[in-house]
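Accompanying notes for the structure given below.
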Amino acid sequence: MPIHEKSLIRQENLIEHEKLEIDGIDVSGHWSTFIQTRVVTDYNEDMETEVAALPGGEHIHRCWQCGSCTNACTVNAINPDFNPRYWIYLTRIGMEAELLRDKDIIWQCISCNKCTYACPRDVNPEGVMKALSHWLELKGHTEKSPSMHFDEVFSEQVFQTGKIEEGRTIRRFFARTGQELNQDWLVEMIIRMVRHLPVKLLFAMGLQSVLKPRTRGWGKARDAIHEYVAEKDAEHRKALKLDPPHGPA
Ligand code: SF4
Ligand code: SF4
């Protein structure tokens, strides 16, 4: 039987015989293409539940595989391997090993939310991408992604001070991801800011970076946030059957 959509099958799963004759008919080369039989035995039956337990993944069960998310996706337009619909499918049926083949690109979601607006089932595919990245990291399949580092640096500053100072966020993000602060695009951005922003605003920004502003009376809110985050972290680890982060609870 001819294989119409050969491009959708991984090259390593296609077998061709250089020389093959069947009933006196020469079917050598692409005429004898076969798809290798695949038996999957390593399903992770808890995978959907695990991803659904993480923030953003709650509505993954609603997906009906229409593909509108992938059609609308900004990153898919550049890299066809970036396929939210397919990853949601793999997660729902528990094909962990198959999903792991794409583990190094899932974090590349830029959170534009075009998929979220396109989804007719309110799955929140952008949230599912975040949950999947988090799941991969918690399970030890990937290192912390740059976007995860950024989220952490951002959150730590808000928890600590109740405010965000962009300069400090960028400096800490670069330090944590081992990047030089002297980046061409950053230098260019600063030059443009100096050229185009009002002096008063630049002065206020500079002052904030030195004074490290914090919200007055933030202490109680900070403690409550820390407690809540620790509680949620423990919940997520429990859902994934992982040990608590700092010894037994
Ligand atoms: S939020 Fe992520 S998955 Fe959704 S369209 Fe944007 S890049 Fe694609
Ligand atoms: S748009 Fe929504 S329902 Fe359709 S495949 Fe994507 S997540 Fe599933």
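In the structure tokens, the first chain shown is A, the next is B, and so on; residue numbers restart at 1 for each chain, and ligands run from 1 in the order shown.
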Closest atom pairs, residues of chain A within 10 Å of ligand 2, only C-alpha atoms and all ligand atoms, as a tab-separated table:
residue	atom	partner	partner_atom_place_in_ligand_line	distance
A:His59	CA	ligand 2	7 (S)	9.0
A:Ile60	CA	ligand 2	7 (S)	7.2
A:His61	CA	ligand 2	8 (Fe)	8.9
A:Arg62	CA	ligand 2	3 (S)	6.7
A:Cys63	CA	ligand 2	8 (Fe)	3.7
A:Trp64	CA	ligand 2	3 (S)	4.6
A:Gln65	CA	ligand 2	5 (S)	3.6
A:Cys66	CA	ligand 2	4 (Fe)	3.9
A:Gly67	CA	ligand 2	5 (S)	3.9
A:Ser68	CA	ligand 2	1 (S)	4.1
A:Cys69	CA	ligand 2	1 (S)	4.0
A:Thr70	CA	ligand 2	6 (Fe)	6.5
A:Asn71	CA	ligand 2	1 (S)	8.4
A:Ala72	CA	ligand 2	1 (S)	8.6
A:Cys73	CA	ligand 2	6 (Fe)	9.8
A:Asn83	CA	ligand 2	6 (Fe)	9.4
A:Pro84	CA	ligand 2	6 (Fe)	6.8
A:Arg85	CA	ligand 2	5 (S)	4.6
A:Tyr86	CA	ligand 2	5 (S)	7.9
A:Trp87	CA	ligand 2	5 (S)	9.6
A:Ile88	CA	ligand 2	7 (S)	7.0
A:Tyr89	CA	ligand 2	5 (S)	8.2
A:Lys114	CA	ligand 2	1 (S)	9.9
A:Cys115	CA	ligand 2	1 (S)	6.4
A:Thr116	CA	ligand 2	1 (S)	7.3
A:Tyr117	CA	ligand 2	1 (S)	8.5
A:Ala118	CA	ligand 2	1 (S)	5.9
A:Cys119	CA	ligand 2	1 (S)	3.6
A:Pro120	CA	ligand 2	2 (Fe)	5.7
A:Arg121	CA	ligand 2	3 (S)	5.0
A:Asp122	CA	ligand 2	2 (Fe)	6.4
A:Val123	CA	ligand 2	7 (S)	5.1
A:Asn124	CA	ligand 2	7 (S)	6.7
A:Pro125	CA	ligand 2	7 (S)	5.1
A:Glu126	CA	ligand 2	7 (S)	8.8
A:Val128	CA	ligand 2	7 (S)	8.5
Go ahead and dump the residues you just picked, C-alpha atoms, as a short mmCIF file (atom, residue, chain, number, x, y, z; two decimals), in the first residue's frame.
data_model
loop_
_atom_site.label_atom_id
_atom_site.label_comp_id
_atom_site.auth_asym_id
_atom_site.auth_seq_id
_atom_site.Cartn_x
_atom_site.Cartn_y
_atom_site.Cartn_z
CA HIS A 59 -7.85 21.89 31.65
CA ILE A 60 -5.73 19.58 29.50
CA HIS A 61 -8.49 16.92 29.60
CA ARG A 62 -10.79 19.20 27.57
CA CYS A 63 -8.65 19.02 24.41
CA TRP A 64 -10.39 17.51 21.37
CA GLN A 65 -7.33 17.70 19.11
CA CYS A 66 -8.67 20.25 16.62
CA GLY A 67 -5.16 21.66 16.08
CA SER A 68 -6.20 25.34 16.25
CA CYS A 69 -3.48 25.99 18.85
CA THR A 70 -0.71 24.69 16.59
CA ASN A 71 -2.16 26.54 13.59
CA ALA A 72 -2.10 29.80 15.52
CA CYS A 73 1.26 29.22 17.23
CA ASN A 83 3.56 21.36 18.16
CA PRO A 84 1.34 22.06 21.21
CA ARG A 85 -1.53 19.90 19.88
CA TYR A 86 0.76 16.87 19.51
CA TRP A 87 2.32 17.29 22.96
CA ILE A 88 -1.13 17.55 24.54
CA TYR A 89 -2.08 14.34 22.72
CA LYS A 114 -2.34 33.13 20.42
CA CYS A 115 -3.14 29.45 21.04
CA THR A 116 -5.22 30.34 24.08
CA TYR A 117 -7.40 32.71 22.04
CA ALA A 118 -7.73 30.15 19.23
CA CYS A 119 -8.68 27.20 21.45
CA PRO A 120 -12.41 26.38 21.23
CA ARG A 121 -12.30 24.24 24.39
CA ASP A 122 -10.67 26.68 26.79
CA VAL A 123 -7.78 24.30 27.38
CA ASN A 124 -5.31 27.18 27.89
CA PRO A 125 -2.57 25.58 25.74
CA GLU A 126 -0.08 28.28 26.79
CA VAL A 128 -0.17 23.56 29.38
#
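Among the candidates A:Trp107, A:Lys241, A:His134, A:Lys19, the one nearest to A:Gly56 when counting only C-alpha atoms is A:His134.
For the residues A:Gly206, A:Gly178, A:Gly57, A:Gly24, ranking by smallest atom-to-atom distance to A:Arg92 using only C-alpha atoms places A:Gly57 first.
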Worksheet entry | Nearest to ligand 1 by atom-to-atom distance, counting only C-alpha atoms and all ligand atoms, from A:Val75, A:Ala234, A:Ile25, A:Ala131 | A:Val75
